[in-house]
$ cat data20.cif   # mmCIF, C-alpha atoms
data_start
#
loop_
_atom_site.label_atom_id
_atom_site.label_comp_id
_atom_site.auth_asym_id
_atom_site.auth_seq_id
_atom_site.Cartn_x
_atom_site.Cartn_y
_atom_site.Cartn_z
CA MET A 379 0.00 0.00 0.00
CA VAL A 380 2.77 2.41 -0.85
CA ALA A 381 2.87 4.93 -3.65
CA LEU A 382 5.30 3.84 -6.33
CA PRO A 383 8.08 6.21 -7.43
CA PHE A 384 7.75 7.42 -11.02
CA GLU A 385 10.84 5.53 -12.21
CA HIS A 386 9.33 2.27 -11.04
CA MET A 387 6.01 2.96 -12.77
CA ALA A 388 7.72 4.02 -15.98
CA ALA A 389 9.93 0.93 -15.99
CA ARG A 390 6.91 -1.28 -15.49
CA VAL A 391 5.08 0.30 -18.43
CA LYS A 392 8.25 0.12 -20.52
CA ASP A 393 8.70 -3.59 -19.72
CA GLN A 394 5.16 -4.31 -20.73
CA PHE A 395 4.96 -2.34 -23.94
CA GLY A 396 8.53 -2.00 -25.18
CA ASP A 397 8.56 -0.13 -28.48
CA ALA A 398 5.17 1.47 -27.95
CA VAL A 399 6.76 3.68 -25.28
CA VAL A 400 8.38 6.56 -27.12
CA GLU A 401 9.74 8.64 -24.28
CA VAL A 402 10.12 8.62 -20.51
CA ASP A 403 10.62 12.08 -19.04
CA ALA A 404 11.22 12.60 -15.32
CA GLY A 405 12.69 16.07 -15.74
CA HIS A 406 9.47 18.03 -15.34
CA LYS A 407 7.26 18.91 -12.41
CA ILE A 408 4.82 16.28 -13.61
CA PRO A 409 6.88 13.42 -15.05
CA PHE A 410 5.30 11.60 -17.96
CA VAL A 411 5.46 8.58 -20.23
CA ARG A 412 4.90 9.22 -23.94
CA VAL A 413 3.36 6.34 -25.88
CA LYS A 414 2.20 5.82 -29.45
CA ALA A 415 -1.34 6.94 -30.19
CA ASP A 416 -2.54 3.46 -31.13
CA ALA A 417 -1.25 2.02 -27.83
CA VAL A 418 -3.23 4.40 -25.60
CA ALA A 419 -6.03 1.93 -24.92
CA ARG A 420 -3.72 -1.03 -24.24
CA VAL A 421 -1.71 1.09 -21.81
CA ALA A 422 -4.87 2.32 -20.08
CA ARG A 423 -6.13 -1.21 -19.55
CA PHE A 424 -2.78 -2.30 -18.17
CA LEU A 425 -2.60 0.70 -15.81
CA ARG A 426 -6.06 -0.05 -14.48
CA ASP A 427 -5.73 -3.82 -14.10
CA ASP A 428 -2.14 -4.16 -12.92
CA ASP A 429 -1.95 -4.84 -9.18
CA GLU A 430 1.12 -2.74 -8.49
CA LEU A 431 -0.16 0.28 -10.42
CA ALA A 432 -3.95 0.02 -9.90
CA PHE A 433 -4.88 3.32 -11.52
CA ASP A 434 -8.57 3.18 -10.78
CA PHE A 435 -9.34 6.80 -11.61
CA LEU A 436 -8.95 8.89 -14.75
CA MET A 437 -8.61 12.47 -13.60
CA TYR A 438 -8.53 14.27 -16.92
CA ILE A 439 -7.58 14.11 -20.55
CA ALA A 440 -5.95 17.31 -21.76
CA ALA A 441 -5.07 18.25 -25.32
CA VAL A 442 -2.48 20.76 -26.54
CA ASP A 443 -2.14 22.08 -30.07
CA TYR A 444 1.41 22.47 -31.39
CA PRO A 445 1.09 23.96 -34.90
CA ALA A 446 4.86 24.33 -35.40
CA GLU A 447 5.44 20.62 -34.81
CA ASP A 448 2.21 19.69 -36.61
CA LYS A 449 0.92 17.66 -33.69
CA ILE A 450 -1.70 17.58 -30.99
CA THR A 451 -0.58 16.10 -27.70
CA LEU A 452 -3.10 14.24 -25.55
CA ALA A 453 -2.23 14.02 -21.86
CA TYR A 454 -3.99 11.39 -19.76
CA HIS A 455 -3.85 12.01 -16.02
CA TYR A 456 -4.32 8.81 -14.04
CA PHE A 457 -4.70 8.51 -10.29
CA SER A 458 -4.84 5.54 -7.97
CA TYR A 459 -7.05 5.73 -4.91
CA ARG A 460 -5.53 2.52 -3.63
CA TYR A 461 -1.92 3.73 -3.62
CA GLU A 462 -2.48 7.47 -3.95
CA HIS A 463 0.00 7.87 -6.77
CA GLU A 464 -0.50 9.43 -10.15
CA LEU A 465 0.89 9.18 -13.66
CA MET A 466 0.66 11.22 -16.81
CA VAL A 467 0.64 9.41 -20.13
CA LYS A 468 1.07 11.46 -23.28
CA ALA A 469 0.36 10.57 -26.88
CA ASP A 470 0.90 12.59 -30.05
CA VAL A 471 -1.47 12.62 -33.00
CA PRO A 472 -1.17 14.61 -36.23
CA ARG A 473 -3.11 17.90 -36.38
CA ALA A 474 -5.14 17.00 -39.45
CA GLY A 475 -7.18 13.82 -39.21
CA GLY A 476 -5.57 12.66 -35.98
CA VAL A 477 -6.96 9.47 -34.51
CA ALA A 478 -6.35 7.95 -31.08
CA ARG A 479 -7.78 4.78 -29.59
CA SER A 480 -10.77 5.48 -27.34
CA ILE A 481 -10.52 4.43 -23.69
CA ALA A 482 -14.20 5.06 -22.95
CA HIS A 483 -14.80 1.32 -22.53
CA ILE A 484 -12.03 1.17 -19.91
CA TYR A 485 -12.69 4.40 -18.00
CA ALA A 486 -16.30 5.60 -18.29
CA ALA A 487 -15.12 9.12 -17.42
CA ALA A 488 -13.30 9.24 -20.73
CA ASP A 489 -16.55 9.27 -22.68
CA TRP A 490 -17.32 12.97 -22.37
CA LEU A 491 -13.66 13.99 -22.13
CA GLU A 492 -13.01 12.44 -25.52
CA ARG A 493 -16.12 14.05 -26.95
CA GLU A 494 -14.91 17.40 -25.66
CA ILE A 495 -11.51 16.96 -27.29
CA TYR A 496 -13.13 15.85 -30.52
CA ASP A 497 -15.33 18.94 -30.40
CA LEU A 498 -12.64 21.49 -29.62
CA PHE A 499 -9.55 19.97 -31.31
CA GLY A 500 -10.92 17.63 -33.95
CA VAL A 501 -9.09 14.54 -32.72
CA ALA A 502 -11.15 11.46 -33.52
CA PHE A 503 -11.30 8.57 -31.06
CA ASP A 504 -11.45 5.15 -32.61
CA GLY A 505 -13.96 2.90 -30.84
CA HIS A 506 -15.86 5.65 -29.02
CA PRO A 507 -19.55 4.70 -28.52
CA ASN A 508 -20.95 8.13 -29.47
CA LEU A 509 -18.41 10.56 -30.84
CA ALA A 510 -20.67 13.63 -31.16
CA ARG A 511 -19.88 17.24 -30.37
CA LEU A 512 -20.29 18.09 -26.71
CA LEU A 513 -20.01 21.85 -26.08
CA THR A 514 -20.40 23.93 -29.22
CA PRO A 515 -23.84 24.91 -30.57
CA GLU A 516 -25.74 22.74 -33.02
CA GLY A 517 -24.50 23.14 -36.56
CA PHE A 518 -21.11 24.48 -35.47
CA THR A 519 -18.27 23.89 -37.89
CA GLY A 520 -14.56 23.82 -37.12
CA HIS A 521 -12.64 23.11 -33.94
CA PRO A 522 -12.28 26.32 -31.94
CA LEU A 523 -9.29 25.52 -29.74
CA LEU A 524 -6.99 24.91 -32.69
CA LYS A 525 -4.54 27.80 -32.96
CA ASP A 526 -5.49 28.55 -36.57
CA PHE A 527 -9.26 28.51 -35.99
CA THR A 528 -11.25 31.28 -37.65
CA SER A 529 -14.97 32.01 -37.71
CA GLU A 530 -17.33 34.83 -38.51
CA ASP A 531 -18.25 34.88 -34.81
CA TYR A 532 -14.61 35.28 -33.83
CA VAL A 533 -14.27 39.05 -34.07
CA PRO A 534 -11.03 40.59 -32.83
CA PHE A 535 -11.50 43.32 -30.25
CA PRO A 536 -11.52 46.73 -31.99
CA ASP A 537 -8.36 48.78 -31.48
CA LYS A 538 -10.29 51.95 -30.90
CA MET A 539 -13.75 52.16 -29.48
CA PRO A 540 -16.24 54.17 -31.57
CA GLY A 541 -15.98 57.89 -31.00
CA LYS A 542 -12.32 57.99 -30.00
CA MET B 399 -53.76 59.12 -1.73
CA GLY B 400 -50.73 58.28 -3.80
CA LEU B 401 -52.73 57.78 -6.94
CA ILE B 402 -54.22 61.24 -6.88
CA ALA B 403 -50.85 62.85 -6.29
CA ARG B 404 -49.42 61.22 -9.42
CA LEU B 405 -52.21 61.52 -11.96
CA PRO B 406 -53.89 64.44 -13.69
CA VAL B 407 -57.33 64.33 -12.12
CA TYR B 408 -60.41 66.47 -11.78
CA TRP B 409 -61.65 66.08 -8.22
CA GLU B 410 -64.96 67.60 -7.21
CA LYS B 411 -66.25 67.58 -3.68
CA LEU B 412 -69.90 66.67 -3.42
CA PRO B 413 -72.12 66.53 -0.40
CA GLY B 414 -71.49 63.12 1.20
CA GLY B 415 -68.41 62.27 -0.90
CA SER B 416 -66.37 63.31 -3.92
CA LEU B 417 -66.11 62.65 -7.63
CA MET B 418 -62.82 61.97 -9.41
CA THR B 419 -62.26 61.90 -13.16
CA THR B 420 -59.05 61.00 -15.03
CA SER B 421 -58.03 59.18 -18.21
CA ALA B 422 -58.23 55.41 -18.42
CA GLU B 423 -54.88 55.32 -20.17
CA LYS B 424 -53.16 57.09 -17.30
CA VAL B 425 -54.61 54.71 -14.73
CA LEU B 426 -53.78 51.64 -16.74
CA ASN B 427 -50.24 52.82 -17.43
CA TRP B 428 -49.79 53.70 -13.78
CA SER B 429 -50.86 50.22 -12.75
CA ARG B 430 -48.74 48.55 -15.42
CA ALA B 431 -45.66 50.54 -14.44
CA SER B 432 -46.21 49.76 -10.77
CA SER B 433 -46.36 46.00 -11.14
CA VAL B 434 -43.59 44.99 -13.51
CA TRP B 435 -42.92 41.33 -12.85
CA TYR B 436 -39.71 39.89 -14.20
CA VAL B 437 -38.70 36.38 -15.20
CA ILE B 438 -36.57 34.31 -12.85
CA PHE B 439 -33.72 33.93 -15.24
CA GLY B 440 -30.02 34.67 -14.95
CA LEU B 441 -27.11 34.16 -17.30
CA ALA B 442 -23.78 34.92 -15.64
CA CYS B 443 -22.15 37.02 -12.94
CA CYS B 444 -24.59 39.91 -13.55
CA ALA B 445 -27.32 37.56 -12.36
CA ILE B 446 -25.76 37.59 -8.89
CA GLU B 447 -26.05 41.37 -8.84
CA MET B 448 -29.62 41.11 -10.11
CA MET B 449 -30.45 38.73 -7.25
CA ALA B 450 -28.89 41.16 -4.80
CA THR B 451 -31.09 43.89 -6.25
CA GLY B 452 -34.14 41.71 -5.83
CA ALA B 453 -33.24 40.67 -2.28
CA SER B 454 -34.02 42.52 0.93
CA ARG B 455 -31.12 44.98 1.09
CA TYR B 456 -32.00 46.74 -2.19
CA ASP B 457 -35.51 45.34 -2.41
CA LEU B 458 -37.01 45.71 -5.88
CA ASP B 459 -40.34 44.69 -4.33
CA ARG B 460 -40.95 48.29 -3.31
CA TYR B 461 -41.18 49.21 -6.99
CA GLY B 462 -43.84 46.55 -7.32
CA MET B 463 -41.33 44.31 -9.11
CA MET B 464 -41.25 40.65 -8.24
CA PHE B 465 -39.68 37.49 -9.59
CA ARG B 466 -42.19 35.47 -11.56
CA ALA B 467 -41.39 31.84 -12.20
CA THR B 468 -42.91 31.69 -15.67
CA PRO B 469 -42.32 33.83 -18.74
CA ARG B 470 -46.00 33.65 -19.60
CA GLN B 471 -46.94 35.89 -16.68
CA SER B 472 -43.90 38.17 -16.80
CA ASP B 473 -43.58 41.67 -18.19
CA LEU B 474 -39.84 42.14 -18.05
CA MET B 475 -36.70 40.14 -18.75
CA PHE B 476 -33.28 41.09 -17.41
CA ILE B 477 -30.55 39.91 -19.74
CA SER B 478 -28.08 39.47 -16.94
CA GLY B 479 -24.78 38.35 -18.38
CA THR B 480 -22.86 36.82 -21.24
CA ILE B 481 -25.01 35.40 -24.03
CA THR B 482 -23.37 32.35 -25.52
CA LEU B 483 -24.36 31.31 -29.01
CA LYS B 484 -25.75 28.12 -27.50
CA MET B 485 -27.93 30.03 -25.03
CA ALA B 486 -29.15 32.66 -27.52
CA PRO B 487 -31.92 30.59 -29.12
CA ARG B 488 -33.17 29.56 -25.67
CA ILE B 489 -33.33 33.19 -24.59
CA ARG B 490 -35.20 34.07 -27.76
CA ARG B 491 -37.67 31.27 -27.08
CA LEU B 492 -38.21 32.41 -23.47
CA TRP B 493 -38.83 35.94 -24.68
CA GLU B 494 -41.31 34.75 -27.29
CA GLN B 495 -43.31 33.05 -24.54
CA MET B 496 -43.81 36.34 -22.70
CA ALA B 497 -47.13 38.10 -23.27
CA GLU B 498 -47.13 41.56 -24.82
CA PRO B 499 -46.39 44.23 -23.88
CA ARG B 500 -43.00 42.94 -22.79
CA TYR B 501 -39.79 44.70 -21.92
CA VAL B 502 -36.10 43.84 -21.92
CA ILE B 503 -33.31 45.37 -19.85
CA ALA B 504 -29.81 44.60 -21.12
CA MET B 505 -27.61 44.46 -18.04
CA GLY B 506 -23.84 44.86 -18.25
CA SER B 507 -21.23 45.02 -20.99
CA CYS B 508 -21.77 41.45 -22.19
CA ALA B 509 -25.49 41.87 -22.78
CA ILE B 510 -24.89 45.22 -24.50
CA SER B 511 -22.03 44.37 -26.84
CA GLY B 512 -20.48 41.02 -26.02
CA GLY B 513 -18.34 42.38 -23.23
CA GLY B 514 -14.73 43.19 -22.61
CA PHE B 515 -13.64 39.67 -21.77
CA TYR B 516 -15.62 37.65 -24.25
CA TYR B 517 -15.87 39.95 -27.26
CA ASP B 518 -13.23 38.10 -29.26
CA ALA B 519 -14.55 34.68 -28.35
CA TYR B 520 -15.96 32.22 -30.86
CA SER B 521 -18.86 31.33 -28.63
CA VAL B 522 -20.40 34.64 -27.56
CA LEU B 523 -23.21 36.71 -29.07
CA LYS B 524 -22.11 40.33 -29.54
CA GLY B 525 -25.00 41.93 -27.71
CA ILE B 526 -28.56 40.83 -26.97
CA ASP B 527 -29.98 43.50 -29.30
CA LYS B 528 -28.92 41.31 -32.18
CA ILE B 529 -31.82 39.00 -31.35
CA LEU B 530 -34.23 40.97 -29.09
CA PRO B 531 -35.51 44.56 -28.92
CA VAL B 532 -34.01 46.23 -25.85
CA ASP B 533 -35.73 48.96 -23.83
CA VAL B 534 -33.03 49.99 -21.35
CA TYR B 535 -29.28 49.44 -21.44
CA VAL B 536 -27.36 49.41 -18.17
CA PRO B 537 -23.58 49.72 -18.57
CA GLY B 538 -21.23 48.20 -16.01
CA CYS B 539 -19.33 45.04 -15.32
CA PRO B 540 -21.47 44.20 -13.51
CA PRO B 541 -23.69 47.24 -12.85
CA ARG B 542 -24.28 48.04 -9.20
CA PRO B 543 -27.76 47.38 -7.83
CA GLU B 544 -28.34 51.15 -7.74
CA ALA B 545 -27.72 51.30 -11.50
CA LEU B 546 -30.13 48.46 -12.11
CA MET B 547 -32.77 50.18 -9.96
CA HIS B 548 -32.24 53.34 -11.96
CA ALA B 549 -32.87 51.33 -15.10
CA CYS B 550 -36.10 50.03 -13.59
CA LEU B 551 -37.22 53.58 -12.85
CA LYS B 552 -36.37 54.53 -16.44
CA LEU B 553 -38.45 51.63 -17.65
CA GLN B 554 -41.36 52.77 -15.49
CA GLU B 555 -41.04 56.22 -17.05
CA LYS B 556 -41.16 54.64 -20.47
CA ILE B 557 -44.23 52.59 -19.63
CA LYS B 558 -46.04 55.62 -18.21
CA GLY B 559 -45.34 57.55 -21.39
CA GLU B 560 -46.75 54.88 -23.67
CA SER B 561 -50.08 54.95 -25.38
CA LEU B 562 -52.06 51.74 -25.02
CA LEU B 563 -52.50 51.66 -28.78
CA THR B 564 -48.77 51.60 -29.44
CA ALA B 565 -47.60 49.52 -26.49
CA PHE B 566 -48.74 46.40 -28.27
CA GLY B 567 -48.46 47.24 -31.93
CA ASP B 568 -45.02 48.81 -32.07
CA PHE B 569 -43.27 45.57 -31.37
CA LYS B 570 -44.57 43.83 -34.44
CA ASP B 571 -41.75 44.73 -36.80
CA GLU B 572 -39.06 43.85 -34.32
CA GLN B 573 -40.52 40.45 -33.66
CA ALA B 574 -39.45 39.00 -36.97
CA PRO B 575 -36.45 36.86 -36.02
CA PRO B 576 -33.20 38.27 -37.39
CA GLU B 577 -31.95 36.45 -40.44
CA ARG B 578 -29.04 34.96 -38.60
CA LEU B 579 -31.30 33.20 -36.14
CA ASP B 580 -33.47 31.58 -38.77
CA GLY B 581 -30.83 29.51 -40.35
CA ARG B 582 -27.79 28.29 -38.67
CA TRP B 583 -28.56 27.67 -35.09
CA ILE B 584 -32.15 28.18 -34.36
CA PHE B 585 -35.55 26.83 -35.05
CA GLY B 586 -35.10 25.55 -38.58
CA ARG B 587 -34.09 22.07 -37.54
#
$ encode --input "data20.cif" --output "structure tokens"
Amino acid sequence: MVALPFEHMAARVKDQFGDAVVEVDAGHKIPFVRVKADAVARVARFLRDDDELAFDFLMYIAAVDYPAEDKITLAYHYFSYRYEHELMVKADVPRAGGVARSIAHIYAAADWLEREIYDLFGVAFDGHPNLARLLTPEGFTGHPLLKDFTSEDYVPFPDKMPGK
Amino acid sequence: MGLIARLPVYWEKLPGGSLMTTSAEKVLNWSRASSVWYVIFGLACCAIEMMATGASRYDLDRYGMMFRATPRQSDLMFISGTITLKMAPRIRRLWEQMAEPRYVIAMGSCAISGGGFYYDAYSVLKGIDKILPVDVYVPGCPPRPEALMHACLKLQEKIKGESLLTAFGDFKDEQAPPERLDGRWIFGR
């Protein structure tokens, strides 16, 4: 019943998945393991079912748009109530037509999180039960949190107010 | 008698009582202006200030204004906050359920023009007057309760100045939904 150090968790994931683990980074405030986008679901199932890791709770899935590197990074934040340790797993998908494996059948919380990311970033999740838009109005087109998003509703603030 | 002090009347003392004459329009407008009921309906942080105005410290009740829990029996709607594009059709529908004559007070920067924080957002309507006719605008972020009460007094002035013939008819042109609302996000589905 002890929280595992990050190195131990990373080594365990690395042992299990080998080549699917692209990068292990302990040099940041939140250390992370970067895996291939098609391995996300396998890794999630292993993290949940493994006795030493026992990540029984998905805290959040974040997405970051990197136009210069032509990628969108998904960051899965896992937490274990049994051991009270946490782990961040990252996966990169291309900006246009990016697809990641859905983990909604492993963590129910991922259902709406993945819909939100699909809505705002346009990342599709393979195997999601109902990949519909979540937040934007009906009939909305485009993915507003992409850095190059434009829309007729997106009006820049005027430099000078009328009358000045 | 408060009524007599406020209305143009002819008051003749007769033996055993008195006779008062005035115009029906003045009496009706006086009663309409003194019982403006508003919809229980809030959008964002301005709604907190609106609740404070309605609560005991500022007490809108003394203007005869009370929360009404249905749009069908309300006269006034405060647009109290940011109008998201997703909320806009719902607001429009609420407003359409109100019986005429009906009034709208746009409260705060967001309701007037989209606001300072959200103006350049993809999800915010740039002012409620794009979809509803507005009677009184209250600037502020959010306006203080005193400002909102001033707006209510202004609205009462407006109601008292109306003719019963125009209070209903004048709205007709403005009721046609703006083009934008017909197509993309509203009722056409």
$ residues_around --input "data20.cif" --residues "stretch 498-512 of chain A" --least-positions-apart "5" --cutoff "9 Å" --atoms "all atoms listed in the file" --output "JSON, numbers by chain"
{"A": [441, 442, 443, 450, 471, 472, 473, 474, 475, 476, 477, 478, 479, 480, 481, 482, 483, 489, 490, 492, 493, 518, 520, 521, 522, 523, 524]}
$ interface_residues --input "data20.cif" --of "chain B" --to "chain A" --cutoff "8 Å" --atoms "only C-alpha atoms" --output "ChimeraX atom specification"
/B:483-484,517-523,582-583
$ resolve_selection --input "data20.cif" --expression "the PyMOL selection byres ((chain B and resi 429-440) around 10)" --output "ChimeraX atom specification"
/B:401,423-428,441-449,459-480,489,492-493,496,499-502,550-551,553-559
$ atom_distance --input "data20.cif" --atom1 "atom CA of A:Ala404" --atom2 "atom CA of A:Leu465"
11.0 Å
$ residues_around --input "data20.cif" --residues "A:Ala422" --least-positions-apart "2" --cutoff "12 Å" --atoms "all atoms listed in the file" --output "MDAnalysis selection string"
chainID A and resid 391 395 413 415:420 424:428 431:436 454:457 465:469 479:485 488
$ write_last_selection --input "data20.cif" --atoms "C-alpha atoms" --output "short mmCIF file (atom, residue, chain, number, x, y, z; two decimals), in the frame of the given file"
data_model
loop_
_atom_site.label_atom_id
_atom_site.label_comp_id
_atom_site.auth_asym_id
_atom_site.auth_seq_id
_atom_site.Cartn_x
_atom_site.Cartn_y
_atom_site.Cartn_z
CA VAL A 391 5.08 0.30 -18.43
CA PHE A 395 4.96 -2.34 -23.94
CA VAL A 413 3.36 6.34 -25.88
CA ALA A 415 -1.34 6.94 -30.19
CA ASP A 416 -2.54 3.46 -31.13
CA ALA A 417 -1.25 2.02 -27.83
CA VAL A 418 -3.23 4.40 -25.60
CA ALA A 419 -6.03 1.93 -24.92
CA ARG A 420 -3.72 -1.03 -24.24
CA PHE A 424 -2.78 -2.30 -18.17
CA LEU A 425 -2.60 0.70 -15.81
CA ARG A 426 -6.06 -0.05 -14.48
CA ASP A 427 -5.73 -3.82 -14.10
CA ASP A 428 -2.14 -4.16 -12.92
CA LEU A 431 -0.16 0.28 -10.42
CA ALA A 432 -3.95 0.02 -9.90
CA PHE A 433 -4.88 3.32 -11.52
CA ASP A 434 -8.57 3.18 -10.78
CA PHE A 435 -9.34 6.80 -11.61
CA LEU A 436 -8.95 8.89 -14.75
CA TYR A 454 -3.99 11.39 -19.76
CA HIS A 455 -3.85 12.01 -16.02
CA TYR A 456 -4.32 8.81 -14.04
CA PHE A 457 -4.70 8.51 -10.29
CA LEU A 465 0.89 9.18 -13.66
CA MET A 466 0.66 11.22 -16.81
CA VAL A 467 0.64 9.41 -20.13
CA LYS A 468 1.07 11.46 -23.28
CA ALA A 469 0.36 10.57 -26.88
CA ARG A 479 -7.78 4.78 -29.59
CA SER A 480 -10.77 5.48 -27.34
CA ILE A 481 -10.52 4.43 -23.69
CA ALA A 482 -14.20 5.06 -22.95
CA HIS A 483 -14.80 1.32 -22.53
CA ILE A 484 -12.03 1.17 -19.91
CA TYR A 485 -12.69 4.40 -18.00
CA ALA A 488 -13.30 9.24 -20.73
#
$ atom_distance --input "data20.cif" --atom1 "atom CA of B:Ser454" --atom2 "atom CA of B:Ala504"
22.5 Å
$ atom_distance --input "data20.cif" --atom1 "atom CA of B:Leu458" --atom2 "atom CA of B:Glu544"
10.4 Å
$ resolve_selection --input "data20.cif" --expression "the PyMOL selection byres ((chain B and resi 418) around 8)" --output "ChimeraX atom specification"
/B:407-410,416-417,419-420
$ closest_residue --input "data20.cif" --among "B:Ile526, B:Ser507, B:Tyr456, B:Thr451" --to "B:Ala486" --atoms "all atoms listed in the file"
B:Ile526
$ closest_residue --input "data20.cif" --among "B:Pro413, B:Pro537, B:Arg488, B:Met547" --to "B:Ala450" --atoms "all atoms listed in the file"
B:Met547
$ decode --input "data20.cif" --residues "stretch 439-494 of chain A" --atoms "C-alpha atoms" --output "compact mmCIF listing (two decimals), in the first residue's frame"
# COMPACT_ATOMS: atom_id res chain seq x y z
CA ILE A 439 -7.58 14.11 -20.55
CA ALA A 440 -5.95 17.31 -21.76
CA ALA A 441 -5.07 18.25 -25.32
CA VAL A 442 -2.48 20.76 -26.54
CA ASP A 443 -2.14 22.08 -30.07
CA TYR A 444 1.41 22.47 -31.39
CA PRO A 445 1.09 23.96 -34.90
CA ALA A 446 4.86 24.33 -35.40
CA GLU A 447 5.44 20.62 -34.81
CA ASP A 448 2.21 19.69 -36.61
CA LYS A 449 0.92 17.66 -33.69
CA ILE A 450 -1.70 17.58 -30.99
CA THR A 451 -0.58 16.10 -27.70
CA LEU A 452 -3.10 14.24 -25.55
CA ALA A 453 -2.23 14.02 -21.86
CA TYR A 454 -3.99 11.39 -19.76
CA HIS A 455 -3.85 12.01 -16.02
CA TYR A 456 -4.32 8.81 -14.04
CA PHE A 457 -4.70 8.51 -10.29
CA SER A 458 -4.84 5.54 -7.97
CA TYR A 459 -7.05 5.73 -4.91
CA ARG A 460 -5.53 2.52 -3.63
CA TYR A 461 -1.92 3.73 -3.62
CA GLU A 462 -2.48 7.47 -3.95
CA HIS A 463 0.00 7.87 -6.77
CA GLU A 464 -0.50 9.43 -10.15
CA LEU A 465 0.89 9.18 -13.66
CA MET A 466 0.66 11.22 -16.81
CA VAL A 467 0.64 9.41 -20.13
CA LYS A 468 1.07 11.46 -23.28
CA ALA A 469 0.36 10.57 -26.88
CA ASP A 470 0.90 12.59 -30.05
CA VAL A 471 -1.47 12.62 -33.00
CA PRO A 472 -1.17 14.61 -36.23
CA ARG A 473 -3.11 17.90 -36.38
CA ALA A 474 -5.14 17.00 -39.45
CA GLY A 475 -7.18 13.82 -39.21
CA GLY A 476 -5.57 12.66 -35.98
CA VAL A 477 -6.96 9.47 -34.51
CA ALA A 478 -6.35 7.95 -31.08
CA ARG A 479 -7.78 4.78 -29.59
CA SER A 480 -10.77 5.48 -27.34
CA ILE A 481 -10.52 4.43 -23.69
CA ALA A 482 -14.20 5.06 -22.95
CA HIS A 483 -14.80 1.32 -22.53
CA ILE A 484 -12.03 1.17 -19.91
CA TYR A 485 -12.69 4.40 -18.00
CA ALA A 486 -16.30 5.60 -18.29
CA ALA A 487 -15.12 9.12 -17.42
CA ALA A 488 -13.30 9.24 -20.73
CA ASP A 489 -16.55 9.27 -22.68
CA TRP A 490 -17.32 12.97 -22.37
CA LEU A 491 -13.66 13.99 -22.13
CA GLU A 492 -13.01 12.44 -25.52
CA ARG A 493 -16.12 14.05 -26.95
CA GLU A 494 -14.91 17.40 -25.66
